[in-house]
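Here is my_file.pdb, consisting of PDB, C-alpha atoms:
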```pdb
ATOM      1  CA  MET A   1     -14.611  -2.408  39.399
ATOM      2  CA  ASN A   2     -11.932  -0.765  37.253
ATOM      3  CA  ILE A   3     -12.554  -1.623  33.590
ATOM      4  CA  LYS A   4      -9.500  -1.163  31.380
ATOM      5  CA  THR A   5     -10.199   0.789  28.215
ATOM      6  CA  TYR A   6      -8.407   1.803  25.044
ATOM      7  CA  ARG A   7      -8.881   4.349  22.277
ATOM      8  CA  LYS A   8      -9.649   3.855  18.622
ATOM      9  CA  LEU A   9     -10.382   6.024  15.596
ATOM     10  CA  ILE A  10     -13.780   5.661  13.923
ATOM     11  CA  ALA A  11     -15.593   7.281  11.027
ATOM     12  CA  LYS A  12     -18.533   9.031  12.651
ATOM     13  CA  GLN A  13     -19.962  10.165   9.317
ATOM     14  CA  LEU A  14     -19.290  10.062   5.588
ATOM     15  CA  ASN A  15     -17.466  13.229   4.650
ATOM     16  CA  GLN A  16     -15.265  14.529   1.847
ATOM     17  CA  ASP A  17     -12.682  15.590   4.447
ATOM     18  CA  PHE A  18     -11.013  12.796   6.436
ATOM     19  CA  LYS A  19     -10.369  14.953   9.504
ATOM     20  CA  SER A  20     -14.017  16.002   9.648
ATOM     21  CA  ALA A  21     -15.257  12.433   9.242
ATOM     22  CA  VAL A  22     -13.392  10.849  12.145
ATOM     23  CA  GLU A  23     -13.346  10.944  15.922
ATOM     24  CA  ILE A  24     -11.599   9.126  18.767
ATOM     25  CA  VAL A  25     -13.671   6.967  21.091
ATOM     26  CA  GLU A  26     -12.771   5.009  24.224
ATOM     27  CA  ILE A  27     -14.083   1.489  24.809
ATOM     28  CA  PRO A  28     -13.321  -1.503  27.087
ATOM     29  CA  ILE A  29     -10.483  -3.829  26.110
ATOM     30  CA  PRO A  30     -12.121  -6.979  24.657
ATOM     31  CA  ILE A  31     -11.621 -10.557  25.816
ATOM     32  CA  PRO A  32     -10.708 -13.104  23.131
ATOM     33  CA  ALA A  33     -13.171 -15.926  22.510
ATOM     34  CA  ALA A  34     -12.233 -19.429  21.376
ATOM     35  CA  ASN A  35      -9.735 -19.460  18.491
ATOM     36  CA  GLU A  36      -9.067 -15.733  18.909
ATOM     37  CA  ILE A  37      -6.096 -13.687  20.118
ATOM     38  CA  LEU A  38      -5.952 -10.223  21.685
ATOM     39  CA  ILE A  39      -3.261  -8.018  20.179
ATOM     40  CA  GLN A  40      -1.867  -4.821  21.615
ATOM     41  CA  ASN A  41      -1.030  -2.780  18.536
ATOM     42  CA  LYS A  42       2.438  -1.222  18.488
ATOM     43  CA  PHE A  43       2.421   0.332  15.005
ATOM     44  CA  ALA A  44      -0.250   0.989  12.368
ATOM     45  CA  GLY A  45       0.416   1.450   8.680
ATOM     46  CA  VAL A  46      -1.179   4.474   7.048
ATOM     47  CA  ASN A  47      -3.036   3.894   3.798
ATOM     48  CA  GLY A  48      -4.208   7.430   3.153
ATOM     49  CA  GLY A  49      -5.921   6.731  -0.145
ATOM     50  CA  PHE A  50      -8.043   3.852   1.115
ATOM     51  CA  ASP A  51      -8.802   5.665   4.377
ATOM     52  CA  THR A  52     -10.026   8.739   2.549
ATOM     53  CA  LEU A  53     -12.096   6.863  -0.021
ATOM     54  CA  LEU A  54     -13.668   4.776   2.755
ATOM     55  CA  CYS A  55     -14.683   7.908   4.656
ATOM     56  CA  ARG A  56     -16.194   9.317   1.469
ATOM     57  CA  GLY A  57     -18.184   6.133   0.860
ATOM     58  CA  GLU A  58     -16.352   5.592  -2.433
ATOM     59  CA  VAL A  59     -14.970   2.046  -2.017
ATOM     60  CA  PRO A  60     -17.292  -0.007  -4.258
ATOM     61  CA  TYR A  61     -16.764  -3.376  -2.575
ATOM     62  CA  VAL A  62     -17.264  -2.039   0.974
ATOM     63  CA  HIS A  63     -20.666  -0.826   2.135
ATOM     64  CA  LEU A  64     -20.403   0.597   5.636
ATOM     65  CA  THR A  65     -22.781   2.728   7.640
ATOM     66  CA  PRO A  66     -21.172   5.103  10.159
ATOM     67  CA  PRO A  67     -19.919   4.751  12.764
ATOM     68  CA  PHE A  68     -17.323   2.216  11.612
ATOM     69  CA  ASP A  69     -13.751   1.319  12.542
ATOM     70  CA  LEU A  70     -10.771   2.458  10.478
ATOM     71  CA  GLY A  71      -7.263   1.217   9.743
ATOM     72  CA  VAL A  72      -6.134  -2.083   8.271
ATOM     73  CA  GLU A  73      -2.395  -2.623   8.717
ATOM     74  CA  ALA A  74      -1.043  -3.251  12.216
ATOM     75  CA  VAL A  75       1.749  -5.038  14.044
ATOM     76  CA  GLY A  76       1.773  -5.748  17.754
ATOM     77  CA  THR A  77       2.147  -8.381  20.429
ATOM     78  CA  VAL A  78      -0.210 -11.058  21.713
ATOM     79  CA  VAL A  79      -1.458 -10.174  25.219
ATOM     80  CA  ALA A  80      -4.215 -12.791  25.611
ATOM     81  CA  VAL A  81      -5.292 -16.000  23.854
ATOM     82  CA  GLY A  82      -8.653 -17.721  23.672
ATOM     83  CA  GLU A  83      -9.336 -21.421  23.990
ATOM     84  CA  ASN A  84      -7.996 -23.789  21.317
ATOM     85  CA  VAL A  85      -5.280 -21.351  20.180
ATOM     86  CA  GLN A  86      -2.100 -23.382  19.749
ATOM     87  CA  ASP A  87       0.114 -21.444  17.348
ATOM     88  CA  PHE A  88       0.441 -18.242  19.392
ATOM     89  CA  GLN A  89       1.701 -17.487  22.871
ATOM     90  CA  LEU A  90       1.762 -14.369  25.019
ATOM     91  CA  GLY A  91       4.410 -11.969  23.766
ATOM     92  CA  ASP A  92       4.469 -13.226  20.166
ATOM     93  CA  ALA A  93       4.882 -10.511  17.538
ATOM     94  CA  VAL A  94       2.070 -10.627  14.971
ATOM     95  CA  ILE A  95       1.024  -8.745  11.857
ATOM     96  CA  SER A  96      -2.663  -8.281  11.092
ATOM     97  CA  THR A  97      -4.589  -6.932   8.129
ATOM     98  CA  ALA A  98      -8.181  -6.963   9.374
ATOM     99  CA  ARG A  99     -10.226  -3.992   8.184
ATOM    100  CA  GLY A 100     -10.932  -1.789  11.191
ATOM    101  CA  GLY A 101      -8.145  -3.339  13.254
ATOM    102  CA  GLY A 102      -5.388  -0.806  12.599
ATOM    103  CA  TYR A 103      -6.258   2.543  14.139
ATOM    104  CA  ARG A 104      -6.789   1.323  17.692
ATOM    105  CA  GLY A 105      -4.816   0.338  20.762
ATOM    106  CA  TYR A 106      -6.049  -3.276  20.928
ATOM    107  CA  GLN A 107      -7.812  -5.686  18.608
ATOM    108  CA  VAL A 108      -9.226  -9.199  18.767
ATOM    109  CA  ILE A 109      -8.897 -11.334  15.642
ATOM    110  CA  ASP A 110      -9.189 -14.946  14.598
ATOM    111  CA  ALA A 111      -5.795 -16.545  15.207
ATOM    112  CA  ASN A 112      -5.806 -17.916  11.658
ATOM    113  CA  LEU A 113      -5.704 -14.353  10.299
ATOM    114  CA  ALA A 114      -2.523 -13.337  12.143
ATOM    115  CA  VAL A 115       0.971 -13.643  10.672
ATOM    116  CA  LYS A 116       3.796 -14.323  13.118
ATOM    117  CA  ALA A 117       6.894 -12.130  12.895
ATOM    118  CA  GLN A 118      10.254 -12.160  14.663
ATOM    119  CA  GLU A 119       9.651  -8.716  16.143
ATOM    120  CA  ALA A 120       6.882  -6.097  16.142
ATOM    121  CA  THR A 121       8.606  -3.464  13.986
ATOM    122  CA  PRO A 122       7.430  -0.945  11.359
ATOM    123  CA  GLU A 123       9.558  -2.797   8.795
ATOM    124  CA  VAL A 124       7.587  -6.051   8.922
ATOM    125  CA  LEU A 125       4.385  -4.017   8.965
ATOM    126  CA  THR A 126       5.459  -2.466   5.660
ATOM    127  CA  LEU A 127       5.917  -5.882   4.070
ATOM    128  CA  ILE A 128       2.416  -7.051   4.949
ATOM    129  CA  PRO A 129       0.165  -6.056   3.297
ATOM    130  CA  THR A 130       1.970  -3.271   1.374
ATOM    131  CA  GLY A 131       4.821  -5.421   0.082
ATOM    132  CA  VAL A 132       2.470  -8.333  -0.534
ATOM    133  CA  SER A 133       0.388  -6.094  -2.787
ATOM    134  CA  ALA A 134       3.474  -5.144  -4.783
ATOM    135  CA  LEU A 135       4.555  -8.763  -5.213
ATOM    136  CA  VAL A 136       1.138 -10.121  -6.205
ATOM    137  CA  ALA A 137       0.412  -7.193  -8.520
ATOM    138  CA  LEU A 138       3.708  -7.596 -10.349
ATOM    139  CA  GLU A 139       3.671 -11.370 -10.639
ATOM    140  CA  GLN A 140       0.008 -12.349 -10.943
ATOM    141  CA  VAL A 141      -1.456  -9.334 -12.713
ATOM    142  CA  GLY A 142       1.616  -7.916 -14.433
ATOM    143  CA  GLU A 143       3.025 -11.353 -15.353
ATOM    144  CA  MET A 144       6.511 -10.066 -14.506
ATOM    145  CA  LYS A 145       9.339 -11.778 -16.356
ATOM    146  CA  SER A 146      13.097 -11.205 -16.544
ATOM    147  CA  ASN A 147      15.104  -9.013 -18.927
ATOM    148  CA  GLU A 148      12.264  -6.563 -19.426
ATOM    149  CA  VAL A 149      11.902  -2.840 -18.839
ATOM    150  CA  VAL A 150       9.772  -2.154 -15.779
ATOM    151  CA  LEU A 151       8.495   1.292 -14.761
ATOM    152  CA  VAL A 152       7.365   1.995 -11.190
ATOM    153  CA  THR A 153       5.624   5.315 -10.504
ATOM    154  CA  ALA A 154       5.803   6.902  -7.036
ATOM    155  CA  ALA A 155       8.742   4.545  -6.693
ATOM    156  CA  ALA A 156       9.942   5.898  -3.342
ATOM    157  CA  GLY A 157       6.570   5.350  -1.649
ATOM    158  CA  GLY A 158       5.594   2.533   0.687
ATOM    159  CA  THR A 159       4.490   0.204  -2.099
ATOM    160  CA  GLY A 160       6.728   1.559  -4.830
ATOM    161  CA  HIS A 161      10.073   1.041  -3.126
ATOM    162  CA  ILE A 162       9.229  -2.632  -2.551
ATOM    163  CA  ALA A 163       8.083  -3.021  -6.176
ATOM    164  CA  VAL A 164      11.392  -1.577  -7.394
ATOM    165  CA  GLN A 165      13.382  -4.160  -5.462
ATOM    166  CA  LEU A 166      11.199  -7.086  -6.517
ATOM    167  CA  ALA A 167      11.530  -6.080 -10.168
ATOM    168  CA  LYS A 168      15.315  -5.856  -9.781
ATOM    169  CA  LEU A 169      15.474  -9.255  -8.050
ATOM    170  CA  ALA A 170      13.613 -10.706 -11.033
ATOM    171  CA  GLY A 171      16.391  -9.469 -13.329
ATOM    172  CA  ASN A 172      14.776  -6.444 -14.960
ATOM    173  CA  HIS A 173      15.828  -2.936 -15.962
ATOM    174  CA  VAL A 174      13.856  -0.718 -13.574
ATOM    175  CA  ILE A 175      12.793   2.886 -14.046
ATOM    176  CA  GLY A 176      11.473   4.750 -11.021
ATOM    177  CA  THR A 177       9.680   8.099 -10.880
ATOM    178  CA  CYS A 178       9.835  10.412  -7.872
ATOM    179  CA  SER A 179       9.443  14.063  -6.872
ATOM    180  CA  SER A 180      12.524  15.035  -4.850
ATOM    181  CA  GLU A 181      16.269  14.602  -4.529
ATOM    182  CA  ALA A 182      15.833  12.718  -1.237
ATOM    183  CA  LYS A 183      13.560  10.208  -2.955
ATOM    184  CA  ALA A 184      15.956   9.926  -5.886
ATOM    185  CA  LYS A 185      18.760   9.136  -3.438
ATOM    186  CA  LEU A 186      16.699   6.312  -1.911
ATOM    187  CA  LEU A 187      15.947   4.863  -5.347
ATOM    188  CA  GLN A 188      19.620   4.995  -6.256
ATOM    189  CA  GLU A 189      20.438   3.041  -3.094
ATOM    190  CA  LEU A 190      17.787   0.456  -4.026
ATOM    191  CA  GLY A 191      19.410  -0.145  -7.410
ATOM    192  CA  CYS A 192      16.997   1.685  -9.689
ATOM    193  CA  ASP A 193      18.521   1.805 -13.197
ATOM    194  CA  ARG A 194      16.928   5.087 -14.308
ATOM    195  CA  ILE A 195      15.479   7.598 -11.873
ATOM    196  CA  ILE A 196      13.142  10.267 -13.231
ATOM    197  CA  ASN A 197      12.428  13.210 -10.938
ATOM    198  CA  TYR A 198       9.322  14.531 -12.649
ATOM    199  CA  ARG A 199       9.842  17.972 -11.123
ATOM    200  CA  THR A 200      13.117  18.416 -13.013
ATOM    201  CA  GLU A 201      12.556  16.138 -16.046
ATOM    202  CA  ASN A 202       9.669  15.541 -18.422
ATOM    203  CA  LEU A 203       8.492  11.942 -17.959
ATOM    204  CA  SER A 204       7.011  11.587 -21.447
ATOM    205  CA  GLN A 205      10.053  13.077 -23.123
ATOM    206  CA  VAL A 206      12.500  10.832 -21.226
ATOM    207  CA  LEU A 207      10.525   7.681 -22.000
ATOM    208  CA  LYS A 208      10.182   8.450 -25.714
ATOM    209  CA  GLN A 209      13.829   9.413 -26.134
ATOM    210  CA  GLU A 210      15.484   6.755 -23.978
ATOM    211  CA  TYR A 211      13.024   3.885 -24.395
ATOM    212  CA  PRO A 212      11.822   4.087 -28.024
ATOM    213  CA  ASN A 213      10.652   0.448 -27.950
ATOM    214  CA  GLY A 214       8.355   1.185 -25.037
ATOM    215  CA  ILE A 215       7.941  -0.183 -21.525
ATOM    216  CA  ASN A 216       7.109  -3.859 -20.981
ATOM    217  CA  LEU A 217       5.567  -3.619 -17.510
ATOM    218  CA  ILE A 218       4.279  -0.542 -15.676
ATOM    219  CA  PHE A 219       3.287  -0.428 -12.006
ATOM    220  CA  ASP A 220       1.244   2.765 -11.593
ATOM    221  CA  CYS A 221      -0.344   4.140  -8.462
ATOM    222  CA  VAL A 222      -0.420   7.821  -9.447
ATOM    223  CA  GLY A 223      -3.037   8.179 -12.185
ATOM    224  CA  LYS A 224      -4.127  11.253 -14.176
ATOM    225  CA  GLN A 225      -1.450  12.590 -16.567
ATOM    226  CA  VAL A 226       1.099  10.037 -15.366
ATOM    227  CA  PHE A 227      -1.302   7.242 -16.307
ATOM    228  CA  ASP A 228      -1.866   8.801 -19.738
ATOM    229  CA  THR A 229       1.875   9.016 -20.320
ATOM    230  CA  CYS A 230       2.300   5.400 -19.236
ATOM    231  CA  VAL A 231      -0.345   4.207 -21.708
ATOM    232  CA  ASP A 232       1.323   6.192 -24.487
ATOM    233  CA  ASN A 233       4.650   4.486 -23.806
ATOM    234  CA  LEU A 234       3.621   0.845 -23.497
ATOM    235  CA  ALA A 235       5.639  -1.600 -25.565
ATOM    236  CA  VAL A 236       4.180  -4.233 -27.855
ATOM    237  CA  ARG A 237       2.408  -6.670 -25.519
ATOM    238  CA  GLY A 238       3.137  -4.288 -22.645
ATOM    239  CA  ARG A 239       1.146  -4.528 -19.408
ATOM    240  CA  LEU A 240       0.103  -1.568 -17.279
ATOM    241  CA  VAL A 241      -1.058  -2.521 -13.783
ATOM    242  CA  VAL A 242      -3.208   0.068 -11.994
ATOM    243  CA  VAL A 243      -2.530  -0.298  -8.260
ATOM    244  CA  GLY A 244      -4.046   3.041  -7.296
ATOM    245  CA  PHE A 245      -4.550   6.642  -8.386
ATOM    246  CA  ILE A 246      -3.284   8.819  -5.554
ATOM    247  CA  SER A 247      -3.466  11.982  -7.686
ATOM    248  CA  GLU A 248      -7.266  11.787  -7.470
ATOM    249  CA  TYR A 249      -7.727  10.607  -3.874
ATOM    250  CA  ALA A 250      -9.661  13.099  -1.738
ATOM    251  CA  LYS A 251     -10.563  15.020  -4.892
ATOM    252  CA  ASN A 252     -13.403  15.094  -7.365
ATOM    253  CA  ILE A 253     -12.838  12.690 -10.262
ATOM    254  CA  GLU A 254     -11.531  14.506 -13.312
ATOM    255  CA  GLN A 255     -13.800  14.298 -16.338
ATOM    256  CA  ILE A 256     -11.899  13.900 -19.610
ATOM    257  CA  THR A 257     -12.756  13.677 -23.285
ATOM    258  CA  GLN A 258     -10.369  11.840 -25.573
ATOM    259  CA  PRO A 259     -10.296   8.852 -27.949
ATOM    260  CA  ARG A 260     -11.155   5.576 -26.272
ATOM    261  CA  ILE A 261      -8.204   3.711 -24.834
ATOM    262  CA  TYR A 262      -8.457   0.752 -27.219
ATOM    263  CA  HIS A 263      -7.072   2.963 -29.985
ATOM    264  CA  GLN A 264      -3.772   2.990 -28.074
ATOM    265  CA  LEU A 265      -3.844  -0.624 -26.898
ATOM    266  CA  PHE A 266      -5.102  -2.582 -29.898
ATOM    267  CA  TRP A 267      -2.234  -1.991 -32.336
ATOM    268  CA  LYS A 268       0.334  -2.954 -29.710
ATOM    269  CA  ALA A 269      -1.642  -5.872 -28.253
ATOM    270  CA  ALA A 270      -1.012  -4.055 -24.958
ATOM    271  CA  SER A 271      -3.243  -4.108 -21.895
ATOM    272  CA  VAL A 272      -4.280  -2.124 -18.820
ATOM    273  CA  ARG A 273      -5.103  -4.261 -15.789
ATOM    274  CA  GLY A 274      -6.554  -3.291 -12.435
ATOM    275  CA  PHE A 275      -5.224  -4.745  -9.184
ATOM    276  CA  LEU A 276      -6.970  -4.911  -5.814
ATOM    277  CA  MET A 277      -5.589  -7.229  -3.136
ATOM    278  CA  PRO A 278      -8.964  -8.512  -1.847
ATOM    279  CA  HIS A 279      -9.526 -10.138  -5.253
ATOM    280  CA  TYR A 280      -6.234 -12.048  -4.979
ATOM    281  CA  ARG A 281      -6.425 -13.338  -1.403
ATOM    282  CA  GLU A 282      -5.373 -16.861  -2.392
ATOM    283  CA  TYR A 283      -1.847 -15.605  -3.115
ATOM    284  CA  MET A 284      -1.353 -13.906   0.263
ATOM    285  CA  PRO A 285       0.032 -16.763   2.421
ATOM    286  CA  GLU A 286       2.843 -17.673   0.022
ATOM    287  CA  ALA A 287       3.617 -14.014  -0.679
ATOM    288  CA  CYS A 288       3.813 -13.255   3.064
ATOM    289  CA  ASP A 289       6.252 -16.098   3.674
ATOM    290  CA  ARG A 290       8.420 -15.179   0.699
ATOM    291  CA  LEU A 291       8.621 -11.477   1.551
ATOM    292  CA  LEU A 292       9.477 -12.066   5.202
ATOM    293  CA  ASN A 293      12.176 -14.502   4.115
ATOM    294  CA  LEU A 294      13.607 -11.957   1.649
ATOM    295  CA  PHE A 295      13.663  -9.340   4.412
ATOM    296  CA  TYR A 296      15.185 -11.577   7.090
ATOM    297  CA  THR A 297      17.903 -12.705   4.662
ATOM    298  CA  ASN A 298      18.683  -9.070   3.713
ATOM    299  CA  LYS A 299      17.634  -9.476   0.087
ATOM    300  CA  ILE A 300      15.197  -6.562   0.256
ATOM    301  CA  ARG A 301      15.282  -3.374   2.283
ATOM    302  CA  VAL A 302      12.301  -1.702   3.918
ATOM    303  CA  ASN A 303      12.267   2.073   4.162
ATOM    304  CA  VAL A 304      10.047   3.631   6.829
ATOM    305  CA  ASP A 305       9.423   7.367   6.476
ATOM    306  CA  PRO A 306      11.356   9.166   9.249
ATOM    307  CA  THR A 307       8.519  11.559  10.102
ATOM    308  CA  GLN A 308       7.166  10.464  13.473
ATOM    309  CA  PHE A 309       3.461  10.168  14.209
ATOM    310  CA  LYS A 310       2.601   9.090  17.747
ATOM    311  CA  GLY A 311      -0.767   8.083  19.131
ATOM    312  CA  ILE A 312      -4.285   7.745  17.798
ATOM    313  CA  GLU A 313      -4.680  11.526  17.656
ATOM    314  CA  SER A 314      -1.846  11.805  15.091
ATOM    315  CA  ILE A 315      -3.530   9.601  12.462
ATOM    316  CA  PRO A 316      -5.420  12.395  10.608
ATOM    317  CA  ASN A 317      -2.163  14.303  10.214
ATOM    318  CA  ALA A 318      -0.406  11.134   9.030
ATOM    319  CA  VAL A 319      -3.084  10.588   6.371
ATOM    320  CA  GLU A 320      -2.763  14.196   5.244
ATOM    321  CA  TYR A 321       1.025  13.896   5.135
ATOM    322  CA  LEU A 322       0.901  10.779   2.956
ATOM    323  CA  LEU A 323      -1.596  12.302   0.526
ATOM    324  CA  SER A 324       0.651  15.358   0.192
ATOM    325  CA  GLY A 325       3.301  13.143  -1.410
ATOM    326  CA  GLN A 326       6.057  14.140   1.015
ATOM    327  CA  ASN A 327       6.733  10.638   2.321
ATOM    328  CA  CYS A 328       9.820   8.643   1.481
ATOM    329  CA  GLY A 329       8.885   5.042   2.258
ATOM    330  CA  LYS A 330       6.078   3.742   4.450
ATOM    331  CA  VAL A 331       4.206   6.106   6.769
ATOM    332  CA  VAL A 332       3.485   4.547  10.169
ATOM    333  CA  VAL A 333       1.908   5.605  13.439
ATOM    334  CA  LYS A 334       3.408   4.462  16.739
ATOM    335  CA  PHE A 335       1.171   3.673  19.713
TER     336      PHE A 335
END
```
Can you dump the structure from the file as structure tokens?
Amino acid sequence: MNIKTYRKLIAKQLNQDFKSAVEIVEIPIPIPAANEILIQNKFAGVNGGFDTLLCRGEVPYVHLTPPFDLGVEAVGTVVAVGENVQDFQLGDAVISTARGGGYRGYQVIDANLAVKAQEATPEVLTLIPTGVSALVALEQVGEMKSNEVVLVTAAAGGTGHIAVQLAKLAGNHVIGTCSSEAKAKLLQELGCDRIINYRTENLSQVLKQEYPNGINLIFDCVGKQVFDTCVDNLAVRGRLVVVGFISEYAKNIEQITQPRIYHQLFWKAASVRGFLMPHYREYMPEACDRLLNLFYTNKIRVNVDPTQFKGIESIPNAVEYLLSGQNCGKVVVKF
């Protein structure tokens, strides 16, 4: 009997180096049980920071013992349905965000966890969950309003370029930081009001000179010195939302000695708030619907990094590429 198989990427051990921690294995294609669907993945979204931290055993809310599956973000088509599944048919395009379901050729998930899309493209994959994270972080944690000054760091990245557009749609003045002319060009096309290429301009100097009243809302996923500069430049009642710290992913945590942060926050009644999507799951369904609608009605644009990564074997290089900061938009792997 010929058993059909597929390949997936797993973490075989906990290791500081992502490439050393992972391996490709081949297993039989599963059969969906009742209320489940079998998806053939077409594209996987690369979340290099989370992938690396997971393989280092440094994600506090996840306790996994190797070997374990990797990848979260995927879009594909339904190739089999279990009993009692009514909302999906063979050939439907679906987006999934099940941990361990991304870096593999096929996956079985509960039908209730799949989001239907018009087509299985990298663009819709970028919206969910990356764009959802941007929307929920800005609105629920950052309490985004209109007519404020909003700063987005790593603004040309997968999450950042969506955050820029959402802040503009809300009627704000948006500042975006980036590291190259190509990224600055993208931000200009997205309507960013002030683009700061931190390789040619001093971020702290620009903010102090051009925004003496401070920044109302900051969306930061960089960390380290950029985070420190952001805290220094918060406005009265300003909110800084930490959505990541890519400058310290795959590296030892920097130890610092300085006055405690409340000395900077207290006198401005400002705040620093952490965001992690799993703690805001209740907002996902509405955010998914709204983002897909904005995309399908051409109100937001999705930028997928043009660098091509094909096949399971390309994932370690894709993770490395993203962590290097070269990407302009979302990094995806095609299967």
Could you name the residues that touch A:Asp110 at 8 Å or less, counting all atoms listed in the file, but leaving out those on the same chain fewer than 5 positions away, as JSON, numbers by chain?
-> {"A": [35, 36, 37]}
By how many Å are atom CA of A:Ala270 and atom CA of A:Ala154 apart?
-> 22.1 Å
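Between atom CA of A:Met277 and atom CA of A:Thr126 there is a distance of 14.9 Å.
Of the residues listed (A:Ala156, A:Ala184, A:Ile128, A:Cys230), A:Ile128 shows the shortest atom-to-atom separation from A:Asp289; distances use all atoms listed in the file.
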Would you kindly translate the PyMOL selection byres ((chain A and resi 322) around 10) into the concrete residues it picks from this file, as a list in words?
->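 For this structure, the PyMOL selection byres ((chain A and resi 322) around 10) resolves to Val46, Asn47, Gly48, Gly49, Gly157, Gly158, Ile246, Asp305, Asn317, Ala318, Val319, Glu320, Tyr321, Leu323, Ser324, Gly325, Gln326, Asn327, Cys328, Gly329, Lys330, Val331 and Val332 of chain A.
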7 Å contact set for stretch 16-28 of chain A, all atoms listed in the file, chain neighbours under 5 positions out, as a VMD selection string | chain A and resid 3 to 11 52 55 to 56 250 316
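Rounded to one decimal, atom CA of A:Val222 and atom CA of A:Val124 lie 24.4 Å from each other.
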Report as a VMD selection string the full result of the PyMOL selection byres ((chain A and resi 72-87) around 6) when it is applied to this structure.
-> chain A and resid 32 to 45 71 88 90 to 102 120 125
Considering all atoms listed in the file, return as a PyMOL selection string whatever protein or nucleic-acid residues lie within 8 Å of A:Val241, sequence-local ones (same chain, fewer than 5 positions apart) excluded.
-> chain A and resi 137-138+141-142+217-220+272-275
Given the file shown, determine the residues that the PyMOL selection byres ((chain A and resi 212) around 12) selects; report them as number ranges by chain.
-> A: 149, 204-211, 213-216, 232-236
Box along x, y and z, 8 Å on every side, all listed atoms of stretch 218-223 of chain A inside: centre and edge lengths in Å to one decimal, as lines of an AutoDock Vina configuration file.
```
center_x = 0.6
center_y = 3.8
center_z = -12.1
size_x = 23.3
size_y = 24.7
size_z = 23.2
```
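Minimum atom-to-atom distances from A:Pro306, A:Pro259, A:Leu276, A:Arg301 to A:Pro60 were compared using all atoms listed in the file, and the lowest value belongs to A:Leu276.
Among the candidates A:Phe266, A:Lys116, A:Arg104, A:Ala167, the one nearest to A:Gln89 when counting all atoms listed in the file is A:Lys116.
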Residues near stretch 282-286 of chain A, cut-off 10 Å, only C-alpha atoms, skip fewer than 3 positions along chain, as a ChimeraX atom specification = /A:115,128-129,132-133,135-136,140,277-279,289-291
Would you save the residues from that selection as an mmCIF file, in the coordinates of the input, using C-alpha atoms?
```
data_model
loop_
_atom_site.group_PDB
_atom_site.id
_atom_site.type_symbol
_atom_site.label_atom_id
_atom_site.label_comp_id
_atom_site.auth_asym_id
_atom_site.auth_seq_id
_atom_site.Cartn_x
_atom_site.Cartn_y
_atom_site.Cartn_z
ATOM 1 C CA VAL A 115 0.971 -13.643 10.672
ATOM 2 C CA ILE A 128 2.416 -7.051 4.949
ATOM 3 C CA PRO A 129 0.165 -6.056 3.297
ATOM 4 C CA VAL A 132 2.470 -8.333 -0.534
ATOM 5 C CA SER A 133 0.388 -6.094 -2.787
ATOM 6 C CA LEU A 135 4.555 -8.763 -5.213
ATOM 7 C CA VAL A 136 1.138 -10.121 -6.205
ATOM 8 C CA GLN A 140 0.008 -12.349 -10.943
ATOM 9 C CA MET A 277 -5.589 -7.229 -3.136
ATOM 10 C CA PRO A 278 -8.964 -8.512 -1.847
ATOM 11 C CA HIS A 279 -9.526 -10.138 -5.253
ATOM 12 C CA ASP A 289 6.252 -16.098 3.674
ATOM 13 C CA ARG A 290 8.420 -15.179 0.699
ATOM 14 C CA LEU A 291 8.621 -11.477 1.551
#
```
